[in-house]
file final06.cif (mmCIF, C-alpha atoms)
data_data
loop_
_atom_site.label_atom_id
_atom_site.label_comp_id
_atom_site.auth_asym_id
_atom_site.auth_seq_id
_atom_site.Cartn_x
_atom_site.Cartn_y
_atom_site.Cartn_z
CA MET A 1 -17.29 -3.36 -10.08
CA ASP A 2 -18.18 -0.39 -7.90
CA ASP A 3 -21.06 -2.03 -6.04
CA LEU A 4 -19.25 -4.88 -4.33
CA LYS A 5 -21.31 -6.37 -1.51
CA LEU A 6 -20.26 -8.15 1.66
CA PRO A 7 -21.15 -11.66 0.37
CA TYR A 8 -18.86 -11.19 -2.64
CA TRP A 9 -16.04 -10.03 -0.37
CA ALA A 10 -16.59 -12.96 2.00
CA ALA A 11 -16.72 -15.51 -0.82
CA GLY A 12 -13.65 -14.10 -2.52
CA VAL A 13 -11.59 -13.96 0.66
CA ALA A 14 -12.70 -17.47 1.66
CA LEU A 15 -11.58 -18.86 -1.70
CA VAL A 16 -8.23 -17.10 -1.54
CA LEU A 17 -7.57 -18.21 2.04
CA ALA A 18 -8.55 -21.78 1.17
CA ALA A 19 -6.08 -21.71 -1.70
CA THR A 20 -3.27 -20.47 0.55
CA LEU A 21 -3.90 -23.32 2.99
CA MET A 22 -3.01 -25.78 0.25
CA VAL A 23 0.26 -24.09 -0.72
CA ARG A 24 3.34 -26.00 0.32
CA ASP A 25 5.85 -24.88 -2.32
CA ALA A 26 8.19 -22.24 -0.85
CA TYR A 27 8.48 -20.25 -4.08
CA VAL A 28 4.71 -20.09 -4.61
CA ALA A 29 4.27 -19.07 -0.98
CA SER A 30 6.79 -16.24 -1.42
CA VAL A 31 4.96 -14.97 -4.51
CA ILE A 32 1.64 -15.05 -2.64
CA ASN A 33 3.20 -13.04 0.19
CA LEU A 34 4.56 -10.49 -2.29
CA ILE A 35 1.14 -10.12 -3.93
CA ALA A 36 -0.64 -9.62 -0.60
CA VAL A 37 1.83 -6.99 0.62
CA ALA A 38 1.85 -5.25 -2.78
CA ALA A 39 -1.96 -5.17 -2.90
CA LEU A 40 -2.24 -3.66 0.58
CA THR A 41 0.41 -1.05 -0.25
CA ALA A 42 -1.31 -0.15 -3.53
CA VAL A 43 -4.75 0.14 -1.90
CA SER A 44 -3.30 2.42 0.79
CA LEU A 45 -1.78 4.67 -1.88
CA ARG A 46 -5.08 4.77 -3.78
CA PHE A 47 -6.96 5.72 -0.61
CA VAL A 48 -5.03 9.00 -0.42
CA MET A 49 -5.71 9.50 -4.13
CA LEU A 50 -9.41 9.70 -3.25
CA MET A 51 -8.79 13.21 -1.93
CA GLY A 52 -6.81 14.13 -5.03
CA GLU A 53 -3.23 13.69 -3.78
CA LEU A 54 -0.49 11.31 -4.89
CA ASN A 55 1.30 10.03 -1.80
CA PHE A 56 4.91 9.10 -2.57
CA ALA A 57 5.54 8.96 1.19
CA THR A 58 3.77 5.58 1.11
CA ALA A 59 7.21 3.97 0.80
CA ALA A 60 8.37 5.70 3.98
CA PHE A 61 5.40 4.44 5.98
CA VAL A 62 5.87 0.89 4.71
CA GLY A 63 9.46 1.17 5.95
CA ILE A 64 8.41 2.65 9.30
CA GLY A 65 6.06 -0.29 9.85
CA ALA A 66 8.72 -2.81 8.87
CA TYR A 67 11.46 -1.33 11.06
CA THR A 68 9.13 -0.84 14.02
CA THR A 69 8.12 -4.49 13.80
CA GLY A 70 11.73 -5.56 13.30
CA ALA A 71 12.83 -3.66 16.41
CA ALA A 72 9.85 -4.94 18.39
CA VAL A 73 10.74 -8.57 17.61
CA THR A 74 14.56 -8.54 17.61
CA ILE A 75 15.27 -5.93 20.30
CA LEU A 76 12.19 -5.77 22.54
CA GLN A 77 11.14 -9.43 22.08
CA TRP A 78 7.48 -8.46 21.66
CA PRO A 79 4.91 -11.06 20.55
CA PHE A 80 4.00 -11.46 16.89
CA LEU A 81 0.59 -9.76 16.97
CA ILE A 82 1.78 -6.87 19.15
CA ALA A 83 4.72 -6.31 16.81
CA ILE A 84 2.40 -6.03 13.80
CA LEU A 85 0.05 -3.68 15.63
CA ALA A 86 3.04 -1.58 16.71
CA GLY A 87 4.17 -1.25 13.08
CA GLY A 88 0.78 0.04 11.98
CA LEU A 89 0.37 2.32 14.99
CA MET A 90 3.81 3.88 14.62
CA ALA A 91 3.18 4.56 10.94
CA GLY A 92 -0.16 6.15 11.80
CA LEU A 93 1.31 8.38 14.51
CA VAL A 94 4.11 9.59 12.26
CA ALA A 95 1.54 10.16 9.51
CA VAL A 96 -0.51 12.46 11.76
CA ALA A 97 2.53 14.64 12.47
CA PHE A 98 3.74 14.53 8.87
CA GLY A 99 0.28 15.24 7.50
CA TYR A 100 -0.33 18.16 9.84
CA VAL A 101 2.76 19.88 8.44
CA THR A 102 2.60 18.86 4.77
CA LEU A 103 -1.09 18.53 3.84
CA ARG A 104 -1.40 22.29 3.63
CA THR A 105 0.39 21.88 0.29
CA LYS A 106 -1.12 20.30 -2.82
CA GLY A 107 -0.29 18.50 -6.02
CA PRO A 108 3.37 18.33 -7.09
CA TYR A 109 4.53 20.06 -3.91
CA PHE A 110 2.99 17.36 -1.72
CA LEU A 111 4.37 14.67 -4.02
CA LEU A 112 7.91 16.08 -3.83
CA ILE A 113 7.75 16.43 -0.05
CA GLY A 114 6.70 12.79 0.17
CA PHE A 115 9.59 11.77 -2.07
CA ALA A 116 12.07 13.74 0.05
CA PHE A 117 10.65 12.32 3.29
CA THR A 118 11.01 8.78 1.96
CA GLU A 119 14.67 9.29 1.10
CA ALA A 120 15.37 11.03 4.43
CA VAL A 121 13.85 8.14 6.39
CA ARG A 122 15.77 5.61 4.30
CA ILE A 123 19.06 7.41 5.02
CA LEU A 124 18.15 7.47 8.71
CA TYR A 125 17.86 3.68 8.70
CA SER A 126 21.23 3.30 7.00
CA LYS A 127 22.92 5.57 9.58
CA SER A 128 21.38 3.90 12.65
CA THR A 129 23.52 1.17 14.17
CA THR A 130 20.60 0.16 16.40
CA LEU A 131 18.55 -0.63 13.29
CA GLY A 132 21.42 -2.46 11.59
CA GLY A 133 22.73 0.35 9.38
CA THR A 134 23.19 -0.47 5.72
CA SER A 135 23.16 -4.19 6.53
CA GLY A 136 19.60 -3.98 7.81
CA MET A 137 17.87 -6.11 10.44
CA VAL A 138 17.85 -9.91 10.49
CA GLY A 139 16.02 -12.56 12.48
CA ILE A 140 12.47 -11.19 12.12
CA PHE A 141 10.78 -14.55 12.45
CA PRO A 142 7.11 -15.34 13.07
CA PRO A 143 6.19 -17.86 15.78
CA VAL A 144 7.21 -21.41 14.89
CA ALA A 145 3.58 -22.51 15.08
CA LEU A 146 2.63 -20.00 12.36
CA ASP A 147 5.62 -20.50 10.10
CA ALA A 148 3.93 -22.98 7.78
CA TRP A 149 0.76 -20.85 7.63
CA MET A 150 2.30 -17.44 7.00
CA PRO A 151 0.81 -17.03 3.48
CA THR A 152 -2.66 -17.48 5.01
CA VAL A 153 -1.88 -15.05 7.84
CA ILE A 154 -0.43 -12.44 5.50
CA VAL A 155 -3.24 -12.72 2.95
CA GLY A 156 -5.90 -12.70 5.68
CA THR A 157 -4.44 -9.62 7.37
CA SER A 158 -4.10 -7.80 4.05
CA CYS A 159 -7.68 -8.64 3.09
CA ALA A 160 -8.99 -7.39 6.43
CA LEU A 161 -7.28 -4.01 6.05
CA ILE A 162 -8.22 -3.69 2.38
CA PHE A 163 -11.83 -4.32 3.33
CA ALA A 164 -11.59 -1.73 6.11
CA LEU A 165 -10.37 0.89 3.62
CA TYR A 166 -13.15 -0.15 1.24
CA VAL A 167 -15.75 0.40 3.98
CA LEU A 168 -14.27 3.83 4.70
CA GLU A 169 -14.37 4.70 1.02
CA ARG A 170 -18.03 3.72 0.73
CA SER A 171 -18.99 5.61 3.91
CA ASP A 172 -19.84 9.28 4.33
CA PHE A 173 -16.15 9.85 5.05
CA GLY A 174 -15.32 8.59 1.57
CA LYS A 175 -17.88 10.94 0.05
CA ILE A 176 -16.23 13.84 1.89
CA LEU A 177 -12.86 12.84 0.43
CA THR A 178 -14.38 12.85 -3.05
CA ALA A 179 -15.89 16.28 -2.42
CA ILE A 180 -12.50 17.61 -1.37
CA ARG A 181 -10.93 16.17 -4.50
CA ASP A 182 -13.59 17.66 -6.77
CA ASN A 183 -13.60 21.14 -5.22
CA GLU A 184 -11.87 21.82 -1.93
CA ASN A 185 -13.17 25.39 -1.68
CA VAL A 186 -16.79 24.30 -2.00
CA ALA A 187 -16.24 21.62 0.65
CA ARG A 188 -14.78 24.24 2.97
CA THR A 189 -17.81 26.51 2.58
CA VAL A 190 -20.10 23.89 4.16
CA GLY A 191 -18.05 23.94 7.35
CA LEU A 192 -15.69 21.01 6.81
CA ASN A 193 -12.29 21.11 8.50
CA ILE A 194 -10.37 20.20 5.35
CA LEU A 195 -6.99 19.75 7.03
CA LEU A 196 -8.43 17.46 9.71
CA VAL A 197 -10.18 15.30 7.12
CA LYS A 198 -7.02 15.05 5.05
CA ILE A 199 -4.97 14.07 8.09
CA ALA A 200 -7.50 11.37 9.00
CA CYS A 201 -7.38 10.00 5.44
CA PHE A 202 -3.59 10.11 5.39
CA ALA A 203 -3.32 8.42 8.79
CA ALA A 204 -5.72 5.60 7.86
CA ALA A 205 -3.80 4.90 4.66
CA SER A 206 -0.48 5.02 6.53
CA VAL A 207 -1.64 2.53 9.16
CA ALA A 208 -2.41 0.12 6.32
CA ALA A 209 0.98 0.85 4.71
CA GLY A 210 2.70 0.31 8.06
CA VAL A 211 1.05 -3.09 8.49
CA ALA A 212 2.11 -3.94 4.93
CA GLY A 213 5.67 -3.19 6.02
CA SER A 214 5.24 -5.38 9.11
CA LEU A 215 4.01 -8.27 6.97
CA HIS A 216 6.92 -7.71 4.57
CA ALA A 217 9.35 -7.99 7.48
CA PHE A 218 7.88 -11.29 8.70
CA ALA A 219 7.61 -12.68 5.16
CA ASN A 220 11.29 -12.01 4.39
CA ASN A 221 12.81 -12.29 7.89
CA VAL A 222 15.33 -9.66 6.78
CA ILE A 223 14.89 -5.96 5.95
CA SER A 224 17.32 -3.31 4.77
CA PRO A 225 17.10 0.41 3.87
CA GLY A 226 17.14 -0.41 0.16
CA ASP A 227 13.83 -2.23 0.51
CA PHE A 228 12.01 1.05 1.17
CA SER A 229 13.14 3.51 -1.46
CA PHE A 230 10.70 5.62 -3.48
CA LEU A 231 10.41 2.66 -5.87
CA VAL A 232 7.96 1.07 -3.42
CA ALA A 233 5.52 3.92 -4.09
CA ALA A 234 6.34 3.90 -7.81
CA PHE A 235 5.46 0.21 -8.08
CA ALA A 236 2.32 0.73 -5.99
CA LEU A 237 1.26 3.48 -8.39
CA ALA A 238 1.91 1.11 -11.30
CA TYR A 239 -0.35 -1.51 -9.71
CA VAL A 240 -3.09 1.10 -9.34
CA LYS A 241 -2.74 2.46 -12.88
CA VAL A 242 -2.51 -0.92 -14.59
CA GLY A 243 -5.35 -2.45 -12.61
CA GLY A 244 -7.50 0.67 -12.69
CA GLU A 245 -8.02 3.38 -10.08
CA ASP A 246 -11.79 3.83 -10.40
CA ASN A 247 -12.49 1.15 -7.80
CA ILE A 248 -10.65 -0.81 -5.15
CA VAL A 249 -10.51 -3.96 -7.27
CA GLY A 250 -8.09 -2.28 -9.68
CA PRO A 251 -5.05 -2.27 -7.35
CA LEU A 252 -5.73 -5.92 -6.51
CA VAL A 253 -5.79 -6.93 -10.18
CA GLY A 254 -2.73 -4.82 -10.94
CA SER A 255 -0.81 -6.30 -8.00
CA VAL A 256 -1.51 -9.88 -9.01
CA LEU A 257 -0.62 -9.28 -12.65
CA LEU A 258 2.54 -7.24 -12.16
CA VAL A 259 3.96 -9.24 -9.25
CA VAL A 260 3.53 -12.48 -11.19
CA LEU A 261 4.98 -10.78 -14.27
CA GLY A 262 7.87 -9.44 -12.20
CA SER A 263 8.56 -12.89 -10.75
CA TYR A 264 8.70 -14.30 -14.27
CA ALA A 265 10.95 -11.45 -15.40
CA LEU A 266 13.53 -12.35 -12.75
CA GLY A 267 14.55 -15.20 -15.04
CA LEU A 268 15.52 -12.74 -17.77
CA GLY A 269 18.64 -11.59 -15.95
CA GLY A 270 19.69 -8.00 -16.70
CA ASP A 271 16.72 -7.47 -19.01
CA GLU A 272 14.11 -7.89 -16.27
CA HIS A 273 13.67 -4.15 -15.61
CA ILE A 274 13.30 -3.42 -19.33
CA PHE A 275 10.69 -6.16 -19.67
CA TYR A 276 8.81 -5.07 -16.56
CA GLY A 277 8.94 -1.38 -17.48
CA ALA A 278 7.77 -2.07 -21.02
CA ALA A 279 4.81 -4.08 -19.73
CA ILE A 280 3.74 -1.23 -17.44
CA THR A 281 4.16 1.39 -20.17
CA LEU A 282 2.11 -0.57 -22.69
CA ALA A 283 -0.65 -1.23 -20.18
CA VAL A 284 -0.93 2.44 -19.25
CA LEU A 285 -0.90 3.59 -22.89
CA LEU A 286 -3.32 0.97 -24.20
CA LEU A 287 -5.57 0.79 -21.13
CA PRO A 288 -5.96 4.34 -19.80
CA ASN A 289 -8.72 3.18 -17.43
CA GLY A 290 -6.84 0.07 -16.40
CA ILE A 291 -7.84 -3.54 -16.73
CA THR A 292 -10.96 -3.17 -14.60
CA GLY A 293 -12.00 -0.18 -16.71
CA LEU A 294 -11.71 -2.31 -19.82
CA LEU A 295 -13.70 -5.16 -18.28
CA SER A 296 -16.47 -2.86 -17.07
CA GLY A 297 -16.60 -1.02 -20.38
CA ARG A 298 -16.88 2.31 -18.59
CA ARG A 299 -15.11 5.58 -19.06
CA LYS A 300 -15.30 8.02 -16.22
CA PRO A 301 -13.07 10.38 -14.25
CA SER A 302 -10.26 8.67 -12.37
CA ALA A 303 -10.04 8.53 -8.58
CA ALA A 304 -7.37 11.23 -8.53
CA LYS A 305 -7.73 14.01 -11.01
CA GLY A 306 -4.56 15.32 -12.47
CA HIS A 307 -2.47 12.22 -11.71
#
call {"tool": "encode", "arguments": {"input": "final06.cif", "output": "structure tokens"}}
result
Amino acid sequence: MDDLKLPYWAAGVALVLAATLMVRDAYVASVINLIAVAALTAVSLRFVMLMGELNFATAAFVGIGAYTTGAAVTILQWPFLIAILAGGLMAGLVAVAFGYVTLRTKGPYFLLIGFAFTEAVRILYSKSTTLGGTSGMVGIFPPVALDAWMPTVIVGTSCALIFALYVLERSDFGKILTAIRDNENVARTVGLNILLVKIACFAAASVAAGVAGSLHAFANNVISPGDFSFLVAAFALAYVKVGGEDNIVGPLVGSVLLVVLGSYALGLGGDEHIFYGAAITLAVLLLPNGITGLLSGRRKPSAAKGH
């Protein structure tokens, strides 16, 4: 699982994209879009976990990407591709400023700051008349020519960014993140600028989260403040934990399983949250290393110690 090679990535992505090209059912297309956005969000959260931090601000950066794209399309009339790039870039820029201030803290303090930031940003959306207030933003449509192919576009974009984060993880930069997670003081003694490395990691993950928000906006055509509460990060963490956090495949497996399960649970009415919550709880208790850990038969330290 840990030694994925480019041909496997290429073959897997090609098969998935080919499958999306054949989808014509609107409900199936919506589920595929949900899975792709959820997977990208979960992978971005896991990327920060590589340096030993749990980033509950992920939800805020998904929202920043979505609202930036929404404003770019509905207010500024920017093209589709530029609007998506703007969502990712804005999330990355905010992440640099946020990370510079907050990444001096660690563990539960960083987690709580991220939670507070998410709620503050969500309240800001609800108070802004320009951004639609509590009613949100409507009319975030992709180009007519792409409308029928949006599942392919969304899946393809998500796969590209997931692969980019995978390449970063497997590079020397990823090894530095692991060293910081294992012992930050030792990493500092060899001359590493720990804060700068953390900010770079945080910004890269936030760009991916911002693009996930942009894709969410185009997939749903409507966004509102309630779409970007801390639950976005909570669900992303569930995808990581259920799928397995030891490698990048885990969040993908967890996203597919739990989004499909969640879509099925919608038919249970008021019991859907109980059903969904119970499924997550059982998976975490019975599969401490996640589904990919069970399949690989390995037991080793998780990607984020202490979480």
call {"tool": "closest_residue", "arguments": {"input": "final06.cif", "among": "A:Pro225, A:Pro151, A:Gly92, A:Gly191", "to": "Thr20 in chain A", "atoms": "all atoms listed in the file"}}
result
A:Pro151
call {"tool": "resolve_selection", "arguments": {"input": "final06.cif", "expression": "the PyMOL selection byres ((chain A and resi 23-34) around 8)", "output": "mmCIF file with C-alpha atoms, in the coordinates of the input"}}
result
data_model
loop_
_atom_site.group_PDB
_atom_site.id
_atom_site.type_symbol
_atom_site.label_atom_id
_atom_site.label_comp_id
_atom_site.auth_asym_id
_atom_site.auth_seq_id
_atom_site.Cartn_x
_atom_site.Cartn_y
_atom_site.Cartn_z
ATOM 1 C CA ALA A 19 -6.080 -21.710 -1.700
ATOM 2 C CA THR A 20 -3.270 -20.470 0.550
ATOM 3 C CA LEU A 21 -3.900 -23.320 2.990
ATOM 4 C CA MET A 22 -3.010 -25.780 0.250
ATOM 5 C CA ILE A 35 1.140 -10.120 -3.930
ATOM 6 C CA ALA A 36 -0.640 -9.620 -0.600
ATOM 7 C CA VAL A 37 1.830 -6.990 0.620
ATOM 8 C CA ALA A 38 1.850 -5.250 -2.780
ATOM 9 C CA PRO A 151 0.810 -17.030 3.480
ATOM 10 C CA ILE A 154 -0.430 -12.440 5.500
ATOM 11 C CA VAL A 155 -3.240 -12.720 2.950
ATOM 12 C CA HIS A 216 6.920 -7.710 4.570
ATOM 13 C CA ALA A 219 7.610 -12.680 5.160
ATOM 14 C CA VAL A 259 3.960 -9.240 -9.250
ATOM 15 C CA VAL A 260 3.530 -12.480 -11.190
ATOM 16 C CA SER A 263 8.560 -12.890 -10.750
#
call {"tool": "closest_atom_pairs", "arguments": {"input": "final06.cif", "of": "range 159-240 of chain A", "to": "range 10-15 of chain A", "cutoff": "10 Å", "atoms": "only C-alpha atoms", "output": "tab-separated table"}}
result
residue	atom	partner	partner_atom	distance
A:Cys159	CA	A:Val13	CA	7.0
A:Ala160	CA	A:Val13	CA	9.1
A:Phe163	CA	A:Ala10	CA	10.0
call {"tool": "resolve_selection", "arguments": {"input": "final06.cif", "expression": "the PyMOL selection byres ((chain A and resi 250) around 10)", "output": "ChimeraX atom specification"}}
result
/A:1,39,42-43,46,239-249,251-255,289-293
call {"tool": "closest_atom_pairs", "arguments": {"input": "final06.cif", "of": "range 104-131 of chain A", "to": "range 171-187 of chain A", "cutoff": "12 Å", "atoms": "only C-alpha atoms", "output": "JSON lines"}}
result
{"residue": "A:Arg104", "atom": "CA", "partner": "A:Glu184", "partner_atom": "CA", "distance": 11.9}
{"residue": "A:Lys106", "atom": "CA", "partner": "A:Arg181", "partner_atom": "CA", "distance": 10.8}
{"residue": "A:Gly107", "atom": "CA", "partner": "A:Arg181", "partner_atom": "CA", "distance": 11.0}
call {"tool": "decode", "arguments": {"input": "final06.cif", "residues": "range 6-25 of chain A", "atoms": "N, CA and C atoms", "output": "short mmCIF file (atom, residue, chain, number, x, y, z; two decimals), in the first residue's frame"}}
result
data_model
loop_
_atom_site.label_atom_id
_atom_site.label_comp_id
_atom_site.auth_asym_id
_atom_site.auth_seq_id
_atom_site.Cartn_x
_atom_site.Cartn_y
_atom_site.Cartn_z
N LEU A 6 3.70 5.25 -10.17
CA LEU A 6 2.97 6.07 -11.14
C LEU A 6 2.05 5.24 -12.04
N PRO A 7 2.48 4.07 -12.55
CA PRO A 7 1.57 3.30 -13.41
C PRO A 7 0.29 2.89 -12.70
N TYR A 8 0.37 2.56 -11.41
CA TYR A 8 -0.83 2.19 -10.67
C TYR A 8 -1.77 3.39 -10.53
N TRP A 9 -1.17 4.56 -10.22
CA TRP A 9 -1.97 5.78 -10.16
C TRP A 9 -2.66 6.03 -11.50
N ALA A 10 -1.89 5.99 -12.57
CA ALA A 10 -2.42 6.29 -13.90
C ALA A 10 -3.54 5.33 -14.28
N ALA A 11 -3.32 4.03 -14.02
CA ALA A 11 -4.34 3.04 -14.35
C ALA A 11 -5.60 3.24 -13.53
N GLY A 12 -5.41 3.50 -12.24
CA GLY A 12 -6.57 3.70 -11.36
C GLY A 12 -7.37 4.92 -11.75
N VAL A 13 -6.68 6.02 -12.00
CA VAL A 13 -7.37 7.26 -12.38
C VAL A 13 -8.07 7.08 -13.72
N ALA A 14 -7.40 6.41 -14.66
CA ALA A 14 -8.00 6.19 -15.98
C ALA A 14 -9.30 5.39 -15.87
N LEU A 15 -9.29 4.36 -15.03
CA LEU A 15 -10.49 3.54 -14.85
C LEU A 15 -11.61 4.35 -14.23
N VAL A 16 -11.27 5.15 -13.21
CA VAL A 16 -12.30 5.95 -12.54
C VAL A 16 -12.89 6.99 -13.49
N LEU A 17 -12.02 7.67 -14.24
CA LEU A 17 -12.50 8.68 -15.18
C LEU A 17 -13.35 8.06 -16.28
N ALA A 18 -12.95 6.87 -16.74
CA ALA A 18 -13.74 6.18 -17.76
C ALA A 18 -15.13 5.84 -17.22
N ALA A 19 -15.18 5.44 -15.96
CA ALA A 19 -16.47 5.12 -15.34
C ALA A 19 -17.35 6.36 -15.24
N THR A 20 -16.75 7.50 -14.89
CA THR A 20 -17.56 8.72 -14.76
C THR A 20 -18.12 9.17 -16.11
N LEU A 21 -17.40 8.89 -17.19
CA LEU A 21 -17.89 9.27 -18.51
C LEU A 21 -19.17 8.55 -18.90
N MET A 22 -19.38 7.39 -18.27
CA MET A 22 -20.57 6.60 -18.61
C MET A 22 -21.76 6.90 -17.71
N VAL A 23 -21.56 7.75 -16.69
CA VAL A 23 -22.63 8.05 -15.75
C VAL A 23 -23.59 9.06 -16.36
N ARG A 24 -24.86 8.72 -16.36
CA ARG A 24 -25.88 9.64 -16.85
C ARG A 24 -26.99 9.85 -15.82
N ASP A 25 -27.03 9.02 -14.80
CA ASP A 25 -28.03 9.17 -13.74
C ASP A 25 -27.63 10.32 -12.82
#
